[in-house]
Structure formats: C-alpha cells, structure tokens
Amino acid sequence: MSVSLGFNTHGKSRVRMVKVLRNSDGTQDIFQISAEILLEGDIMDGAFLTGDNSNVVPTDTCKNTVYCLGKLHDFCSIESFGIIICQHFLKEYPDQVQKVSVELLKDRWERVVVPDSKGTMRQHAHAFKRVGPSVPFTKVTGSKRRNMPVSISVTSGIRGYTVLKTAMSGFLDFHQCKWTSLPQEDDRLLGTSFDVEWTYCPSKVRQKSLQYNKISQNVEDTLVRTFVGPADVGTYSKSVQETLYIMGQAVIEAEPSISAIHLSMPNIHNLPYPLQEKCGIVNKDHTGKPDIFFPIDEPHGLIKADITRAPNMKRSNL
C-alpha cells in the first residue's frame, strides 16, 4: 500500500507566561498569556518519514523562546508579541522553518479600586482582579521563502462574550411545517455568548502602526453598543441573524483597518417557567408578561456569518 505524508506541523501549546511591567510612576501592569506555536518546514519531513531529527526545532525550544522574547522585547499588545514571535522563528531558522502559526490567549486583569491610605477611592497601584469569562485572542501567521520578504497576517478576536437583554427582541413569521413547535414571539429575552474574530487588512499590518489594543476595545464597544441599542430605548431585534449582521456591519464601518469579521452567536434561551401548570401560580407581573424564567444553554440555536468589507468601502461617521 502506497501512502504519502500530508500536512504536518509541530510546536508547543499552552505555554503560560506572566510579565510584570514596573512603571516609573510606581504603578505596575500585568500581561498574561497562553501561547501556542506551530512550525512548518519542508526539510522537517524527515522526522516523520525516517526518524531523522537533525532539522527539527525542538518543542522545548519553542517554549523557552516565549519567555526569552518576553524578556528581551517591549510590547503592549498580544498582536505585537505574536508578530515578534513569528519574525524570530523565520529569521533564526531560515532553513528549517518556512511558516509559523502563533495563537495567543490573553488573561484579562483590571485594577482593583479601593481606598488609598488617605481614604480616597482610587485604582490600586499593583493589585488586580480577573475579568471574564470572555477571552481575547490573536492568531498571527508568518511565512517566508528564500529570497522573499516575510509575510505576516493578523487575526484577533474574543471568545465567550456573554450579553443579555430582557426586552426588544422577537422572532416572528418564520417558516413552519408539521414538526414546528416554536411559538411566534414578539417579546422575548435574547441572550448569547458570542465568539468573534476579525481580520486585519494586510496593507495596514505592513505599515506597523496599528494600535491593536485601541482597535480591539473599539470593536468590543461597537459590538455591545449595537447589540443593546441606546440606553433609554434599546433597539429591536427581529432575529439573531439580523442582529449578528448589523453588529458585524457596524464593526467594518467603525474600523478601516479590518477587512472581515466572523461572528458565531448561540441563542441561549430563557424560557418562561410553567408556574401555573406546576404550582398554580400565574407567571405574570404587573405588565401581563412572564417574569420567572429558566435558562437553558443546550440545545441552543447557533447562527454564524462572515461580514466582509466591500471594495473601496469608506469609513462612515458611525
């Protein structure tokens, strides 16, 4: 039987690093990540085919490299650090490595707010609390062939961002058949724990001037603002599909450095509890609507879509 070696890669995963930044004003910052580094190279096939390890960059080296580069370089974003890692492997091992794929997950920390020594509430100089459960991440890919420049691509995102609104959502006029049991609903709770991933325009990445942290915060704020609507009146959602598209569209219009965005939004249901059936209590408040629900996260609806920038699309005044 004849077989051949297909796609192959190796590296290190779940490399955890914390870097403490001690600022000149006496405050400190914390940068914590979990890294995965995967290497690809034509001459590393021998390790699979014949057991020849002479051209293999050890996975232990990949692990140590994260800590060494973390020490030797200054950076303020996971994207910048991912680019540093990619460039290092392509430069350090030009014969062995033609492609590097780096994924960095960022632990979210924010400063604790407590009284200072004089009783004034303020951010602590060196104490933090974890923010979650959402997890920011980036995927940076670097590739290089001999006598060719390095090519870098950057994708960033957030996993598990949970939001809920208790009004201004419905689902009406959907297709029905003999097995449809879902009732028409013009006022329901809408909850989701979405994953989002956006791709930076290659030309913007090459300019090396992107403010990744600022862009990521703007994307997060835009997604949430679009999902919930104005604070006093909200915005009506006809479906998760419509809301997903409007959210993605808003990000593309708000950030000219982003070429495409992918959203995955589960519809996490909150169903009115049948109090009258089970306990003889009417499940309605003074508005005549149910106010006691039970949440279920499985099975759940799942809606996914890509929204891309049209050619020559200009930034709006969003």
# chains A, B, ... in the order shown; residues from 1 in each chain; ligands from 1

call {"tool": "residues_around", "arguments": {"residues": "region 62-71 of chain A", "least_positions_apart": "2", "cutoff": "8 Å", "atoms": "only C-alpha atoms", "output": "tab-separated table (two decimals) with N, CA, C and O atoms, in the first residue's frame"}}
result
chain	number	residue	atom	x	y	z
A	11	GLY	N	5.16	21.91	17.43
A	11	GLY	CA	5.44	23.09	18.23
A	11	GLY	C	5.07	22.86	19.68
A	11	GLY	O	5.10	21.74	20.17
A	12	LYS	N	4.70	23.93	20.35
A	12	LYS	CA	4.36	23.86	21.76
A	12	LYS	C	3.04	24.58	22.00
A	12	LYS	O	2.79	25.64	21.41
A	15	VAL	N	1.66	27.36	26.56
A	15	VAL	CA	2.82	27.96	27.23
A	15	VAL	C	2.32	29.20	27.97
A	15	VAL	O	1.89	30.17	27.36
A	17	MET	N	2.66	32.48	30.36
A	17	MET	CA	3.65	33.49	30.74
A	17	MET	C	2.97	34.68	31.37
A	17	MET	O	1.93	35.15	30.90
A	19	LYS	N	4.09	38.59	32.54
A	19	LYS	CA	5.12	39.63	32.54
A	19	LYS	C	4.63	40.80	33.37
A	19	LYS	O	3.51	41.30	33.16
A	35	ALA	N	0.25	30.64	25.14
A	35	ALA	CA	0.74	30.66	23.76
A	35	ALA	C	0.74	29.27	23.14
A	35	ALA	O	1.02	28.27	23.81
A	37	ILE	N	2.57	27.72	19.59
A	37	ILE	CA	3.45	27.99	18.46
A	37	ILE	C	3.58	26.72	17.64
A	37	ILE	O	3.94	25.66	18.17
A	57	VAL	N	13.37	21.71	15.04
A	57	VAL	CA	13.46	22.68	16.13
A	57	VAL	C	12.64	22.11	17.28
A	57	VAL	O	11.42	21.95	17.16
A	58	PRO	N	13.26	21.76	18.41
A	58	PRO	CA	12.53	21.09	19.49
A	58	PRO	C	11.37	21.92	20.03
A	58	PRO	O	11.44	23.15	20.08
A	59	THR	N	10.33	21.24	20.45
A	59	THR	CA	9.20	21.96	21.05
A	59	THR	C	9.61	22.65	22.34
A	59	THR	O	9.04	23.67	22.70
A	60	ASP	N	10.60	22.11	23.02
A	60	ASP	CA	11.10	22.76	24.23
A	60	ASP	C	11.72	24.11	23.90
A	60	ASP	O	11.61	25.07	24.67
A	73	HIS	N	11.98	41.93	24.72
A	73	HIS	CA	11.25	42.90	23.90
A	73	HIS	C	10.19	43.64	24.72
A	73	HIS	O	9.61	43.09	25.65
A	74	ASP	N	9.94	44.87	24.31
A	74	ASP	CA	8.83	45.64	24.85
A	74	ASP	C	7.66	45.53	23.88
A	74	ASP	O	7.83	45.64	22.66
A	81	PHE	N	3.22	41.03	20.21
A	81	PHE	CA	4.05	39.93	20.69
A	81	PHE	C	3.99	38.76	19.72
A	81	PHE	O	5.02	38.10	19.46
A	84	ILE	N	6.33	39.48	16.90
A	84	ILE	CA	7.73	39.31	17.35
A	84	ILE	C	8.11	37.83	17.32
A	84	ILE	O	9.20	37.45	16.87
A	85	ILE	N	7.22	36.96	17.81
A	85	ILE	CA	7.50	35.53	17.83
A	85	ILE	C	7.66	34.98	16.42
A	85	ILE	O	8.60	34.23	16.11

call {"tool": "atom_distance", "arguments": {"atom1": "CA of Gly142 (chain A)", "atom2": "CA of Ile83 (chain A)"}}
result
7.7 Å

call {"tool": "residues_around", "arguments": {"residues": "region 290-293 of chain A", "least_positions_apart": "5", "cutoff": "8 Å", "atoms": "only C-alpha atoms", "output": "list in words"}}
result
Asn270, Leu271, Pro272, Tyr273, Asn283, Lys284 and Asp285 of chain A

call {"tool": "write_last_selection", "arguments": {"atoms": "N, CA, C and O atoms", "output": "PDB file, in the first residue's frame"}}
result
ATOM      1  N   ASN A 270     -33.937  31.614  27.397  1.00  0.00           N
ATOM      2  CA  ASN A 270     -34.522  31.783  28.730  1.00  0.00           C
ATOM      3  C   ASN A 270     -36.026  31.604  28.565  1.00  0.00           C
ATOM      4  O   ASN A 270     -36.704  32.477  27.999  1.00  0.00           O
ATOM      5  N   LEU A 271     -36.558  30.491  29.037  1.00  0.00           N
ATOM      6  CA  LEU A 271     -37.948  30.119  28.773  1.00  0.00           C
ATOM      7  C   LEU A 271     -38.825  30.415  29.984  1.00  0.00           C
ATOM      8  O   LEU A 271     -38.436  30.142  31.129  1.00  0.00           O
ATOM      9  N   PRO A 272     -40.018  30.975  29.755  1.00  0.00           N
ATOM     10  CA  PRO A 272     -40.936  31.208  30.877  1.00  0.00           C
ATOM     11  C   PRO A 272     -41.220  29.892  31.615  1.00  0.00           C
ATOM     12  O   PRO A 272     -41.535  28.875  30.999  1.00  0.00           O
ATOM     13  N   TYR A 273     -41.085  29.930  32.932  1.00  0.00           N
ATOM     14  CA  TYR A 273     -41.316  28.707  33.713  1.00  0.00           C
ATOM     15  C   TYR A 273     -42.823  28.487  33.888  1.00  0.00           C
ATOM     16  O   TYR A 273     -43.555  29.426  34.236  1.00  0.00           O
ATOM     17  N   ASN A 283     -47.706  33.075  36.163  1.00  0.00           N
ATOM     18  CA  ASN A 283     -46.373  33.636  35.892  1.00  0.00           C
ATOM     19  C   ASN A 283     -46.510  34.902  35.053  1.00  0.00           C
ATOM     20  O   ASN A 283     -46.159  34.937  33.870  1.00  0.00           O
ATOM     21  N   LYS A 284     -47.037  35.959  35.677  1.00  0.00           N
ATOM     22  CA  LYS A 284     -47.142  37.263  35.032  1.00  0.00           C
ATOM     23  C   LYS A 284     -46.917  38.350  36.072  1.00  0.00           C
ATOM     24  O   LYS A 284     -47.311  38.189  37.230  1.00  0.00           O
ATOM     25  N   ASP A 285     -46.271  39.449  35.643  1.00  0.00           N
ATOM     26  CA  ASP A 285     -46.118  40.585  36.549  1.00  0.00           C
ATOM     27  C   ASP A 285     -47.176  41.634  36.219  1.00  0.00           C
ATOM     28  O   ASP A 285     -48.162  41.344  35.521  1.00  0.00           O
TER      29      ASP A 285
END

call {"tool": "closest_atom_pairs", "arguments": {"of": "region 191-240 of chain A", "to": "region 116-138 of chain A", "cutoff": "10 Å", "atoms": "only C-alpha atoms", "output": "CSV"}}
result
residue,atom,partner,partner_atom,distance
A:Ser193,CA,A:Ser134,CA,8.7
A:Phe194,CA,A:Ser134,CA,9.1
A:Asp195,CA,A:Ser134,CA,8.9
A:Val196,CA,A:Pro136,CA,9.4
A:Glu197,CA,A:Thr138,CA,8.6
A:Trp198,CA,A:Thr138,CA,9.3
A:Thr199,CA,A:Thr138,CA,9.7
A:Ser216,CA,A:Pro136,CA,8.8
